[in-house]
>>> print(open('input_19.pdb').read())   # PDB, C-alpha atoms
ATOM      1  CA  MET E 192     -23.702  22.476 -57.253
ATOM      2  CA  ILE E 193     -25.786  22.437 -54.093
ATOM      3  CA  ARG E 194     -25.352  18.690 -53.828
ATOM      4  CA  VAL E 195     -21.612  19.054 -54.109
ATOM      5  CA  LEU E 196     -21.595  21.723 -51.426
ATOM      6  CA  LEU E 197     -23.738  19.542 -49.157
ATOM      7  CA  LEU E 198     -21.417  16.590 -49.681
ATOM      8  CA  VAL E 199     -18.365  18.744 -48.957
ATOM      9  CA  ALA E 200     -20.053  20.096 -45.839
ATOM     10  CA  LEU E 201     -21.062  16.583 -44.767
ATOM     11  CA  PHE E 202     -17.587  15.087 -45.112
ATOM     12  CA  GLY E 203     -15.779  18.246 -44.112
ATOM     13  CA  LEU E 204     -17.673  18.692 -40.890
ATOM     14  CA  ALA E 205     -17.534  15.017 -40.032
ATOM     15  CA  ALA E 206     -14.102  15.605 -38.543
ATOM     16  CA  CYS E 207     -15.600  18.146 -36.169
ATOM     17  CA  ALA E 208     -17.708  15.560 -34.387
ATOM     18  CA  GLU E 209     -16.753  14.953 -30.791
ATOM     19  CA  ARG E 210     -15.806  11.426 -30.088
ATOM     20  CA  GLU E 211     -15.186   9.717 -26.790
ATOM     21  CA  GLN E 212     -11.434   9.665 -26.368
ATOM     22  CA  VAL E 213     -11.238   7.958 -23.013
ATOM     23  CA  ALA E 214     -11.016   4.223 -22.936
ATOM     24  CA  ASP E 215     -13.568   2.392 -20.841
ATOM     25  CA  PHE E 216     -12.240   1.923 -17.330
ATOM     26  CA  LYS E 217     -12.397  -1.672 -16.291
ATOM     27  CA  LYS E 218     -11.918  -2.254 -12.643
ATOM     28  CA  GLY E 219      -9.192  -4.772 -11.949
ATOM     29  CA  LYS E 220      -9.504  -7.758  -9.707
ATOM     30  CA  TYR E 221      -6.939  -8.593  -7.059
ATOM     31  CA  GLN E 222      -4.494 -11.107  -8.453
ATOM     32  CA  GLY E 223      -2.389 -11.809  -5.379
ATOM     33  CA  LYS E 224      -2.462 -14.315  -2.581
ATOM     34  CA  PRO E 225      -5.484 -14.533  -0.260
ATOM     35  CA  ASP E 226      -5.183 -13.029   3.192
ATOM     36  CA  THR E 227      -6.640 -14.187   6.458
ATOM     37  CA  GLN E 228      -8.841 -12.089   8.704
ATOM     38  CA  ALA E 229      -7.564 -10.473  11.879
ATOM     39  CA  TRP E 230     -10.237 -12.158  14.014
ATOM     40  CA  ASP E 231      -9.167 -15.607  12.844
ATOM     41  CA  ASN E 232      -6.241 -15.427  15.252
ATOM     42  CA  ALA E 233      -6.313 -16.275  18.914
ATOM     43  CA  PRO E 234      -5.480 -13.457  21.336
ATOM     44  CA  LEU E 235      -1.933 -13.261  22.629
ATOM     45  CA  ALA E 236      -1.179 -14.704  26.025
ATOM     46  CA  TYR E 237      -0.491 -11.243  27.377
ATOM     47  CA  GLY E 238      -1.390  -7.693  26.428
ATOM     48  CA  SER E 239      -3.770  -8.136  23.527
ATOM     49  CA  GLY E 240      -7.192  -8.078  25.164
ATOM     50  CA  LYS E 241      -9.750 -10.807  24.844
ATOM     51  CA  TRP E 242     -11.856 -12.118  22.009
ATOM     52  CA  THR E 243     -12.971 -15.465  20.697
ATOM     53  CA  LYS E 244     -10.967 -16.835  17.798
ATOM     54  CA  GLY E 245     -13.016 -16.633  14.611
ATOM     55  CA  ASP E 246     -15.704 -14.425  16.154
ATOM     56  CA  ARG E 247     -15.632 -11.116  14.372
ATOM     57  CA  ALA E 248     -18.032  -9.361  16.726
ATOM     58  CA  SER E 249     -15.923 -10.096  19.793
ATOM     59  CA  TRP E 250     -12.771  -8.932  17.985
ATOM     60  CA  GLU E 251     -14.518  -5.720  16.977
ATOM     61  CA  ASN E 252     -15.510  -5.172  20.594
ATOM     62  CA  GLN E 253     -11.875  -5.504  21.613
ATOM     63  CA  ILE E 254     -10.782  -3.043  18.909
ATOM     64  CA  LYS E 255     -13.524  -0.626  19.885
ATOM     65  CA  THR E 256     -12.365  -0.676  23.500
ATOM     66  CA  ARG E 257      -8.906   0.128  22.255
ATOM     67  CA  GLN E 258     -10.219   2.939  20.054
ATOM     68  CA  LEU E 259     -12.144   4.551  22.872
ATOM     69  CA  GLY E 260      -8.966   4.413  24.944
ATOM     70  CA  GLN E 261      -7.635   7.130  22.651
ATOM     71  CA  ASN E 262     -10.156   9.557  24.102
ATOM     72  CA  GLU E 263      -8.324  10.769  27.185
ATOM     73  CA  ASP E 264     -11.312  12.844  28.319
ATOM     74  CA  VAL E 265     -13.227   9.623  28.833
ATOM     75  CA  ARG E 266     -10.213   7.795  30.211
ATOM     76  CA  ILE E 267      -9.373  10.436  32.811
ATOM     77  CA  ASN E 268     -12.942  10.969  33.946
ATOM     78  CA  GLN E 269     -13.729   7.261  34.337
TER      79      GLN E 269
ATOM     80  CA  MET K 281     -18.688  -2.920   9.889
ATOM     81  CA  ALA K 282     -15.561  -1.056  10.842
ATOM     82  CA  ARG K 283     -13.860   1.150   8.282
ATOM     83  CA  MET K 284     -10.359   1.866   9.439
ATOM     84  CA  LYS K 285      -9.129   5.427   9.080
ATOM     85  CA  PHE K 286      -6.553   7.830  10.472
ATOM     86  CA  LEU K 287      -7.411  11.302  11.694
ATOM     87  CA  CYS K 288      -4.801  13.859  12.748
ATOM     88  CA  ASP K 289      -5.821  16.775  14.941
ATOM     89  CA  ALA K 290      -3.744  19.745  13.745
ATOM     90  CA  GLU K 291      -4.537  21.643  16.952
ATOM     91  CA  ARG K 292      -2.773  18.972  18.984
ATOM     92  CA  CYS K 293       0.103  17.796  16.808
ATOM     93  CA  ILE K 294       3.380  19.146  18.193
ATOM     94  CA  GLU K 295       5.604  17.769  15.426
ATOM     95  CA  CYS K 296       7.414  15.438  17.810
ATOM     96  CA  ASN K 297       7.667  12.738  15.121
ATOM     97  CA  GLY K 298       6.818  10.110  17.709
ATOM     98  CA  CYS K 299       4.440   8.492  15.212
ATOM     99  CA  VAL K 300       7.196   8.291  12.599
ATOM    100  CA  THR K 301       9.562   6.720  15.090
ATOM    101  CA  ALA K 302       6.932   4.301  16.370
ATOM    102  CA  CYS K 303       6.154   3.154  12.824
ATOM    103  CA  LYS K 304       9.826   2.729  11.966
ATOM    104  CA  GLN K 305      10.532   0.767  15.104
ATOM    105  CA  GLU K 306       7.418  -1.378  15.123
ATOM    106  CA  ASN K 307       7.677  -2.465  11.509
ATOM    107  CA  GLU K 308      11.465  -2.312  11.122
ATOM    108  CA  VAL K 309      11.054  -0.130   8.069
ATOM    109  CA  PRO K 310      14.305   0.101   6.084
ATOM    110  CA  TRP K 311      16.399   3.232   5.719
ATOM    111  CA  GLY K 312      15.020   5.592   3.088
ATOM    112  CA  VAL K 313      11.434   4.417   3.391
ATOM    113  CA  ASN K 314       8.995   6.517   5.398
ATOM    114  CA  ARG K 315       5.602   4.994   5.791
ATOM    115  CA  ARG K 316       4.591   7.970   7.898
ATOM    116  CA  ARG K 317       5.842  11.542   8.073
ATOM    117  CA  VAL K 318       4.890  14.793   9.736
ATOM    118  CA  VAL K 319       4.106  17.714   7.445
ATOM    119  CA  THR K 320       4.295  21.258   8.814
ATOM    120  CA  ILE K 321       2.844  24.316   7.136
ATOM    121  CA  ASN K 322       3.754  27.921   7.981
ATOM    122  CA  ASP K 323       6.864  26.608   9.656
ATOM    123  CA  GLY K 324       8.333  29.161  12.070
ATOM    124  CA  ILE K 325       5.457  31.640  11.851
ATOM    125  CA  VAL K 326       4.194  32.151  15.383
ATOM    126  CA  GLY K 327       0.556  31.240  15.751
ATOM    127  CA  ALA K 328       0.173  29.993  12.190
ATOM    128  CA  GLU K 329       2.256  26.827  12.341
ATOM    129  CA  LYS K 330       0.282  23.632  11.923
ATOM    130  CA  SER K 331       1.494  20.069  11.680
ATOM    131  CA  ILE K 332      -0.223  16.893  10.634
ATOM    132  CA  SER K 333       0.971  13.351  10.452
ATOM    133  CA  VAL K 334       0.458  11.791   7.026
ATOM    134  CA  ALA K 335       0.583   8.200   5.834
ATOM    135  CA  CYS K 336      -1.626   6.008   3.677
ATOM    136  CA  MET K 337      -5.171   7.199   4.348
ATOM    137  CA  HIS K 338      -6.691   3.854   3.310
ATOM    138  CA  CYS K 339      -8.998   5.586   0.858
ATOM    139  CA  SER K 340     -12.499   4.272   0.367
ATOM    140  CA  ASP K 341     -11.979   4.544  -3.393
ATOM    141  CA  ALA K 342      -8.216   4.172  -3.551
ATOM    142  CA  PRO K 343      -6.558   5.547  -6.707
ATOM    143  CA  CYS K 344      -3.539   3.277  -6.200
ATOM    144  CA  MET K 345      -5.822   0.273  -6.613
ATOM    145  CA  ALA K 346      -7.275   1.754  -9.776
ATOM    146  CA  VAL K 347      -3.953   2.376 -11.527
ATOM    147  CA  CYS K 348      -2.010  -0.733 -10.512
ATOM    148  CA  PRO K 349      -1.228  -2.607 -13.752
ATOM    149  CA  VAL K 350      -0.768  -5.951 -11.992
ATOM    150  CA  ASP K 351      -3.731  -5.560  -9.590
ATOM    151  CA  CYS K 352      -1.694  -6.274  -6.506
ATOM    152  CA  PHE K 353      -3.885  -4.162  -4.193
ATOM    153  CA  TYR K 354      -6.763  -5.424  -2.146
ATOM    154  CA  LYS K 355      -8.952  -4.075   0.601
ATOM    155  CA  THR K 356      -9.712  -5.972   3.770
ATOM    156  CA  GLU K 357     -13.199  -6.213   5.224
ATOM    157  CA  ASP K 358     -12.181  -3.457   7.626
ATOM    158  CA  GLY K 359     -11.353  -1.064   4.795
ATOM    159  CA  VAL K 360      -7.572  -1.359   5.067
ATOM    160  CA  VAL K 361      -5.811  -1.044   1.702
ATOM    161  CA  LEU K 362      -3.023  -3.617   1.418
ATOM    162  CA  HIS K 363      -0.924  -5.045  -1.378
ATOM    163  CA  ASP K 364       0.915  -8.200  -2.325
ATOM    164  CA  LYS K 365       4.639  -7.556  -2.588
ATOM    165  CA  ASP K 366       5.190 -10.810  -4.452
ATOM    166  CA  LEU K 367       3.110  -9.387  -7.277
ATOM    167  CA  CYS K 368       4.270  -5.758  -7.188
ATOM    168  CA  ILE K 369       6.606  -4.837 -10.039
ATOM    169  CA  GLY K 370       7.703  -1.516  -8.553
ATOM    170  CA  CYS K 371       6.465   0.505 -11.520
ATOM    171  CA  GLY K 372       5.589   3.522  -9.387
ATOM    172  CA  TYR K 373       2.156   4.218 -10.881
ATOM    173  CA  CYS K 374       0.629   4.106  -7.412
ATOM    174  CA  PHE K 375       3.064   6.773  -6.246
ATOM    175  CA  TYR K 376       1.905   9.130  -8.986
ATOM    176  CA  ALA K 377      -1.744   8.358  -8.315
ATOM    177  CA  CYS K 378      -1.636   8.766  -4.546
ATOM    178  CA  PRO K 379      -2.515  12.303  -3.370
ATOM    179  CA  PHE K 380      -0.702  11.708  -0.072
ATOM    180  CA  GLY K 381       2.633  10.372  -1.343
ATOM    181  CA  ALA K 382       2.081   7.221   0.655
ATOM    182  CA  PRO K 383       3.729   4.586  -1.591
ATOM    183  CA  GLN K 384       7.455   4.378  -0.924
ATOM    184  CA  PHE K 385      10.138   2.596  -2.882
ATOM    185  CA  PRO K 386      13.352   1.297  -1.379
ATOM    186  CA  GLN K 387      16.390   2.294  -3.374
ATOM    187  CA  ALA K 388      18.787  -0.530  -4.090
ATOM    188  CA  GLY K 389      22.100  -0.524  -5.911
ATOM    189  CA  ALA K 390      24.232   2.247  -7.342
ATOM    190  CA  PHE K 391      21.851   3.088 -10.186
ATOM    191  CA  GLY K 392      18.811   3.912  -8.111
ATOM    192  CA  LEU K 393      17.109   0.613  -8.840
ATOM    193  CA  ARG K 394      13.591   0.823  -7.498
ATOM    194  CA  GLY K 395      12.380  -1.976  -5.276
ATOM    195  CA  LYS K 396       8.881  -3.162  -4.543
ATOM    196  CA  MET K 397       6.441  -0.650  -3.146
ATOM    197  CA  ASP K 398       6.150  -0.296   0.601
ATOM    198  CA  LYS K 399       3.465   1.622   2.447
ATOM    199  CA  CYS K 400       1.540   1.907   5.680
ATOM    200  CA  THR K 401      -0.447  -1.254   6.317
ATOM    201  CA  PHE K 402      -2.492   0.150   9.215
ATOM    202  CA  CYS K 403      -0.378  -2.380  11.137
ATOM    203  CA  ALA K 404      -2.436  -5.111   9.476
ATOM    204  CA  GLY K 405       0.386  -7.070   7.818
ATOM    205  CA  GLY K 406      -0.241  -8.485   4.370
ATOM    206  CA  PRO K 407      -1.124 -11.633   2.436
ATOM    207  CA  GLU K 408       1.091 -14.004   4.407
ATOM    208  CA  PRO K 409       0.170 -16.137   7.419
ATOM    209  CA  ASP K 410      -0.681 -13.777  10.275
ATOM    210  CA  ARG K 411       2.129 -13.082  12.745
ATOM    211  CA  SER K 412       4.564 -15.150  10.666
ATOM    212  CA  GLU K 413       8.166 -14.163  10.036
ATOM    213  CA  ALA K 414       7.460 -13.830   6.309
ATOM    214  CA  GLU K 415       4.671 -11.365   7.015
ATOM    215  CA  PHE K 416       6.833  -9.331   9.365
ATOM    216  CA  LYS K 417       9.748  -9.149   6.924
ATOM    217  CA  LYS K 418       7.607  -8.061   4.010
ATOM    218  CA  TYR K 419       4.908  -5.951   5.592
ATOM    219  CA  GLY K 420       5.759  -5.359   9.228
ATOM    220  CA  ARG K 421       3.876  -6.249  12.321
ATOM    221  CA  ASN K 422       0.235  -7.335  12.278
ATOM    222  CA  ARG K 423      -1.133  -5.507  15.296
ATOM    223  CA  LEU K 424      -4.760  -5.791  14.251
ATOM    224  CA  SER K 425      -4.496  -9.567  14.558
ATOM    225  CA  GLU K 426      -3.273  -8.951  18.106
ATOM    226  CA  GLY K 427      -6.351  -6.867  18.879
ATOM    227  CA  LYS K 428      -4.351  -3.635  18.826
ATOM    228  CA  LEU K 429      -4.428  -0.424  16.824
ATOM    229  CA  PRO K 430      -1.582   0.963  14.685
ATOM    230  CA  ALA K 431       1.530   1.781  16.702
ATOM    231  CA  CYS K 432       1.698   5.388  15.466
ATOM    232  CA  ALA K 433      -1.755   6.254  16.805
ATOM    233  CA  GLU K 434      -1.303   4.406  20.063
ATOM    234  CA  MET K 435       2.110   5.997  20.659
ATOM    235  CA  CYS K 436       0.985   9.560  19.947
ATOM    236  CA  SER K 437       1.789  11.525  23.095
ATOM    237  CA  THR K 438      -0.820  14.254  22.604
ATOM    238  CA  LYS K 439      -3.342  11.895  21.032
ATOM    239  CA  ALA K 440      -3.379  14.118  17.976
ATOM    240  CA  LEU K 441      -3.247  11.091  15.732
ATOM    241  CA  LEU K 442      -6.292   8.883  16.070
ATOM    242  CA  GLY K 443      -6.623   5.540  14.344
ATOM    243  CA  GLY K 444      -9.520   3.148  14.106
ATOM    244  CA  ASP K 445     -13.070   2.894  12.867
ATOM    245  CA  GLY K 446     -13.928   6.146  11.112
ATOM    246  CA  ASP K 447     -17.171   6.596  13.047
ATOM    247  CA  VAL K 448     -15.537   6.098  16.444
ATOM    248  CA  ILE K 449     -12.580   8.415  15.905
ATOM    249  CA  ALA K 450     -14.819  11.034  14.290
ATOM    250  CA  ASP K 451     -16.906  10.980  17.484
ATOM    251  CA  ILE K 452     -13.778  11.471  19.603
ATOM    252  CA  TYR K 453     -12.673  14.373  17.425
ATOM    253  CA  ARG K 454     -16.124  15.964  17.405
ATOM    254  CA  ASP K 455     -16.231  15.761  21.178
ATOM    255  CA  ARG K 456     -12.895  17.584  21.382
ATOM    256  CA  VAL K 457     -13.969  20.298  18.987
ATOM    257  CA  VAL K 458     -17.119  20.951  20.981
ATOM    258  CA  ARG K 459     -15.187  21.060  24.258
ATOM    259  CA  ARG K 460     -12.489  23.439  23.129
ATOM    260  CA  GLY K 461     -14.772  25.473  20.908
ATOM    261  CA  LYS K 462     -12.463  25.457  17.930
ATOM    262  CA  GLY K 463     -10.795  23.095  15.567
ATOM    263  CA  SER K 464     -13.464  22.344  13.035
ATOM    264  CA  GLU K 465     -12.095  25.099  10.836
ATOM    265  CA  VAL K 466      -8.517  23.837  10.818
ATOM    266  CA  TRP K 467      -9.243  20.452   9.362
ATOM    267  CA  GLY K 468     -10.767  20.277   5.952
ATOM    268  CA  TRP K 469     -11.498  22.290   2.877
ATOM    269  CA  GLY K 470     -10.888  25.735   4.311
ATOM    270  CA  THR K 471      -7.384  24.889   5.510
ATOM    271  CA  ALA K 472      -6.389  23.135   2.337
ATOM    272  CA  TYR K 473      -7.828  25.539  -0.211
ATOM    273  CA  GLY K 474      -8.488  28.767   1.663
ATOM    274  CA  PRO K 475     -11.802  30.422   2.412
ATOM    275  CA  GLY K 476     -12.723  30.695  -1.277
ATOM    276  CA  LYS K 477     -13.869  34.134  -2.384
ATOM    277  CA  PRO K 478     -11.623  37.080  -1.489
ATOM    278  CA  GLY K 479     -12.618  38.449   1.868
ATOM    279  CA  ALA K 480     -14.718  35.432   2.747
ATOM    280  CA  GLN K 481     -14.472  34.164   6.286
ATOM    281  CA  PRO K 482     -13.778  30.575   7.366
ATOM    282  CA  PRO K 483     -16.688  28.651   8.899
ATOM    283  CA  ALA K 484     -17.957  30.114  12.154
ATOM    284  CA  GLN K 485     -16.463  28.705  15.319
ATOM    285  CA  GLN K 486     -18.651  26.800  17.685
ATOM    286  CA  PRO K 487     -19.129  28.368  21.115
ATOM    287  CA  ALA K 488     -16.812  27.026  23.800
ATOM    288  CA  ARG K 489     -18.315  24.557  26.222
ATOM    289  CA  GLY K 490     -16.633  23.110  29.257
ATOM    290  CA  ARG K 491     -12.888  22.943  29.584
ATOM    291  CA  SER K 492     -10.384  22.613  26.782
TER     292      SER K 492
END
>>> encode(input="input_19.pdb", output="structure tokens")
Amino acid sequence: MIRVLLLVALFGLAACAEREQVADFKKGKYQGKPDTQAWDNAPLAYGSGKWTKGDRASWENQIKTRQLGQNEDVRINQ
Amino acid sequence: MARMKFLCDAERCIECNGCVTACKQENEVPWGVNRRRVVTINDGIVGAEKSISVACMHCSDAPCMAVCPVDCFYKTEDGVVLHDKDLCIGCGYCFYACPFGAPQFPQAGAFGLRGKMDKCTFCAGGPEPDRSEAEFKKYGRNRLSEGKLPACAEMCSTKALLGGDGDVIADIYRDRVVRRGKGSEVWGWGTAYGPGKPGAQPPAQQPARGRS
């Protein structure tokens, strides 16, 4: 009788176990066309600042100058 | 390494919609698609009205990228989230995932047919040859390749909207907050979700230094 009760409890309570219900998230990989980098372009003839084509550091310098231009406190007090 | 972000100063935004207009004009965004919009809370309540300009925030861990079933999103080395329109199927999952409502879908035809997703590109174009006609037609102008910042930020008349490397614009904003002695409390958790416990006060204001 005890065995039967244990078996019933074993199978009966098996449904109460908590199982992972979320599927494993697999990060996707970009499937589209490749893109070029902004610094791989030559500066425009007029109005785009100066940097060396292909040189990321010089392009970042140009962008940083432009970013700091948004701070009018610095711009006015220069 | 730069990590491109937008930051909108709610103390300065005057809801002029200049950023929206600049974006529309610069990228020739079609009717019905708004890559950028100005959101106002407490509209009409004197002293409590605040506006911020919202577009794609180019999330560091972008949910749109995570949910896209065709994996058409990618992130540039500068942290700009872009997508390939040739691959996009216009399913709209990214719209549901985005907390800012950034993905937009052009409506075409009488039955509300949904086109390919369109969103703010941080004026960085897309996966087409830089400055080409194809890039402009699909994604708008590539100002970063011209050594410029997004048109919305550069056109902002009160310089409420800042765009650029997160560290640099955060420094500009921090400098402003220190100078005017307020502002840190209007941007962030407290504004979005309230002070928390009933009766709790928002974060203490910093003492005013210099002029505003």
>>> closest_residue(input="input_19.pdb", among="E:Glu251, E:Glu209, E:Glu263, E:Asp226", to="Leu362 of chain K", atoms="all atoms listed in the file")
E:Asp226
>>> resolve_selection(input="input_19.pdb", expression="the ChimeraX specification (/E :<9) & /K", output="PDB file with C-alpha atoms, in the coordinates of the input")
ATOM      1  CA  MET K 281     -18.688  -2.920   9.889  1.00  0.00           C
ATOM      2  CA  ALA K 282     -15.561  -1.056  10.842  1.00  0.00           C
ATOM      3  CA  MET K 345      -5.822   0.273  -6.613  1.00  0.00           C
ATOM      4  CA  ALA K 346      -7.275   1.754  -9.776  1.00  0.00           C
ATOM      5  CA  VAL K 347      -3.953   2.376 -11.527  1.00  0.00           C
ATOM      6  CA  CYS K 348      -2.010  -0.733 -10.512  1.00  0.00           C
ATOM      7  CA  PRO K 349      -1.228  -2.607 -13.752  1.00  0.00           C
ATOM      8  CA  VAL K 350      -0.768  -5.951 -11.992  1.00  0.00           C
ATOM      9  CA  ASP K 351      -3.731  -5.560  -9.590  1.00  0.00           C
ATOM     10  CA  CYS K 352      -1.694  -6.274  -6.506  1.00  0.00           C
ATOM     11  CA  PHE K 353      -3.885  -4.162  -4.193  1.00  0.00           C
ATOM     12  CA  TYR K 354      -6.763  -5.424  -2.146  1.00  0.00           C
ATOM     13  CA  THR K 356      -9.712  -5.972   3.770  1.00  0.00           C
ATOM     14  CA  GLU K 357     -13.199  -6.213   5.224  1.00  0.00           C
ATOM     15  CA  HIS K 363      -0.924  -5.045  -1.378  1.00  0.00           C
ATOM     16  CA  ASP K 364       0.915  -8.200  -2.325  1.00  0.00           C
ATOM     17  CA  LYS K 365       4.639  -7.556  -2.588  1.00  0.00           C
ATOM     18  CA  ASP K 366       5.190 -10.810  -4.452  1.00  0.00           C
ATOM     19  CA  LEU K 367       3.110  -9.387  -7.277  1.00  0.00           C
ATOM     20  CA  ALA K 404      -2.436  -5.111   9.476  1.00  0.00           C
ATOM     21  CA  GLY K 406      -0.241  -8.485   4.370  1.00  0.00           C
ATOM     22  CA  PRO K 407      -1.124 -11.633   2.436  1.00  0.00           C
ATOM     23  CA  GLU K 408       1.091 -14.004   4.407  1.00  0.00           C
ATOM     24  CA  PRO K 409       0.170 -16.137   7.419  1.00  0.00           C
ATOM     25  CA  ASP K 410      -0.681 -13.777  10.275  1.00  0.00           C
ATOM     26  CA  ASN K 422       0.235  -7.335  12.278  1.00  0.00           C
ATOM     27  CA  ARG K 423      -1.133  -5.507  15.296  1.00  0.00           C
ATOM     28  CA  LEU K 424      -4.760  -5.791  14.251  1.00  0.00           C
ATOM     29  CA  SER K 425      -4.496  -9.567  14.558  1.00  0.00           C
ATOM     30  CA  GLU K 426      -3.273  -8.951  18.106  1.00  0.00           C
ATOM     31  CA  GLY K 427      -6.351  -6.867  18.879  1.00  0.00           C
ATOM     32  CA  LYS K 428      -4.351  -3.635  18.826  1.00  0.00           C
ATOM     33  CA  LEU K 429      -4.428  -0.424  16.824  1.00  0.00           C
ATOM     34  CA  ALA K 433      -1.755   6.254  16.805  1.00  0.00           C
ATOM     35  CA  GLU K 434      -1.303   4.406  20.063  1.00  0.00           C
ATOM     36  CA  LYS K 439      -3.342  11.895  21.032  1.00  0.00           C
ATOM     37  CA  LEU K 442      -6.292   8.883  16.070  1.00  0.00           C
ATOM     38  CA  GLY K 443      -6.623   5.540  14.344  1.00  0.00           C
ATOM     39  CA  GLY K 444      -9.520   3.148  14.106  1.00  0.00           C
ATOM     40  CA  ASP K 445     -13.070   2.894  12.867  1.00  0.00           C
ATOM     41  CA  VAL K 448     -15.537   6.098  16.444  1.00  0.00           C
ATOM     42  CA  ILE K 449     -12.580   8.415  15.905  1.00  0.00           C
ATOM     43  CA  ILE K 452     -13.778  11.471  19.603  1.00  0.00           C
ATOM     44  CA  TYR K 453     -12.673  14.373  17.425  1.00  0.00           C
ATOM     45  CA  ARG K 456     -12.895  17.584  21.382  1.00  0.00           C
TER      46      ARG K 456
END
>>> atom_distance(input="input_19.pdb", atom1="atom CA of Asp358 of chain K", atom2="atom CA of Met284 of chain K")
5.9 Å
>>> atom_distance(input="input_19.pdb", atom1="atom CA of Leu441 of chain K", atom2="atom CA of Ala382 of chain K")
16.5 Å
>>> resolve_selection(input="input_19.pdb", expression="the PyMOL selection byres ((chain K and resi 308) around 12)", output="VMD selection string")
chain K and resid 300 to 307 309 to 315 398 403 416 to 421
>>> axis_aligned_box(input="input_19.pdb", around="segment 402-421 of chain K", padding_each_side="8 Å", output="AutoDock Vina command-line options")
--center_x 3.6 --center_y -8.0 --center_z 7.6 --size_x 28.2 --size_y 32.3 --size_z 26.3
>>> residues_near_point(input="input_19.pdb", point="(-8.2, 7.4, 8.8)", cutoff="6 Å", atoms="all atoms listed in the file", output="VMD selection string")
chain K and resid 284 to 287 337
>>> atom_distance(input="input_19.pdb", atom1="atom CA of Pro383 of chain K", atom2="atom CA of Asn297 of chain K")
19.0 Å
>>> closest_residue(input="input_19.pdb", among="K:Ala440, K:Cys344, K:Met397, K:Cys368", to="Ser331 of chain K", atoms="only C-alpha atoms")
K:Ala440
>>> closest_residue(input="input_19.pdb", among="K:Pro343, K:Pro386, K:Gly395, K:Gly461", to="Tyr373 of chain K", atoms="all atoms listed in the file")
K:Pro343
>>> decode(input="input_19.pdb", residues="segment 318-332 of chain K", atoms="N, CA and C atoms", output="PDB file, in the first residue's frame")
ATOM      1  N   VAL K 318       8.552  65.447 -31.602  1.00  0.00           N
ATOM      2  CA  VAL K 318       8.695  66.108 -30.301  1.00  0.00           C
ATOM      3  C   VAL K 318       7.523  65.687 -29.426  1.00  0.00           C
ATOM      4  N   VAL K 319       7.849  65.176 -28.245  1.00  0.00           N
ATOM      5  CA  VAL K 319       6.833  64.730 -27.296  1.00  0.00           C
ATOM      6  C   VAL K 319       6.748  65.747 -26.169  1.00  0.00           C
ATOM      7  N   THR K 320       5.524  66.175 -25.847  1.00  0.00           N
ATOM      8  CA  THR K 320       5.330  67.143 -24.769  1.00  0.00           C
ATOM      9  C   THR K 320       4.477  66.517 -23.678  1.00  0.00           C
ATOM     10  N   ILE K 321       4.942  66.675 -22.440  1.00  0.00           N
ATOM     11  CA  ILE K 321       4.133  66.202 -21.311  1.00  0.00           C
ATOM     12  C   ILE K 321       3.614  67.414 -20.556  1.00  0.00           C
ATOM     13  N   ASN K 322       2.523  67.249 -19.855  1.00  0.00           N
ATOM     14  CA  ASN K 322       1.854  68.336 -19.123  1.00  0.00           C
ATOM     15  C   ASN K 322       1.572  69.514 -20.047  1.00  0.00           C
ATOM     16  N   ASP K 323       1.105  69.199 -21.224  1.00  0.00           N
ATOM     17  CA  ASP K 323       0.872  70.238 -22.224  1.00  0.00           C
ATOM     18  C   ASP K 323      -0.131  71.273 -21.722  1.00  0.00           C
ATOM     19  N   GLY K 324       0.245  72.536 -21.739  1.00  0.00           N
ATOM     20  CA  GLY K 324      -0.655  73.619 -21.363  1.00  0.00           C
ATOM     21  C   GLY K 324      -0.638  73.975 -19.893  1.00  0.00           C
ATOM     22  N   ILE K 325       0.026  73.169 -19.075  1.00  0.00           N
ATOM     23  CA  ILE K 325       0.094  73.474 -17.637  1.00  0.00           C
ATOM     24  C   ILE K 325       1.314  74.370 -17.397  1.00  0.00           C
ATOM     25  N   VAL K 326       1.061  75.577 -16.966  1.00  0.00           N
ATOM     26  CA  VAL K 326       2.143  76.551 -16.823  1.00  0.00           C
ATOM     27  C   VAL K 326       3.174  76.064 -15.814  1.00  0.00           C
ATOM     28  N   GLY K 327       4.408  76.070 -16.237  1.00  0.00           N
ATOM     29  CA  GLY K 327       5.503  75.689 -15.351  1.00  0.00           C
ATOM     30  C   GLY K 327       5.801  74.205 -15.323  1.00  0.00           C
ATOM     31  N   ALA K 328       4.867  73.391 -15.808  1.00  0.00           N
ATOM     32  CA  ALA K 328       5.072  71.940 -15.735  1.00  0.00           C
ATOM     33  C   ALA K 328       5.278  71.323 -17.112  1.00  0.00           C
ATOM     34  N   GLU K 329       5.161  72.140 -18.151  1.00  0.00           N
ATOM     35  CA  GLU K 329       5.258  71.608 -19.509  1.00  0.00           C
ATOM     36  C   GLU K 329       6.716  71.312 -19.863  1.00  0.00           C
ATOM     37  N   LYS K 330       6.933  70.118 -20.339  1.00  0.00           N
ATOM     38  CA  LYS K 330       8.284  69.727 -20.768  1.00  0.00           C
ATOM     39  C   LYS K 330       8.193  69.034 -22.119  1.00  0.00           C
ATOM     40  N   SER K 331       9.147  69.326 -22.963  1.00  0.00           N
ATOM     41  CA  SER K 331       9.182  68.691 -24.281  1.00  0.00           C
ATOM     42  C   SER K 331      10.533  68.034 -24.506  1.00  0.00           C
ATOM     43  N   ILE K 332      10.511  66.908 -25.170  1.00  0.00           N
ATOM     44  CA  ILE K 332      11.761  66.305 -25.619  1.00  0.00           C
ATOM     45  C   ILE K 332      11.583  65.790 -27.044  1.00  0.00           C
TER      46      ILE K 332
END
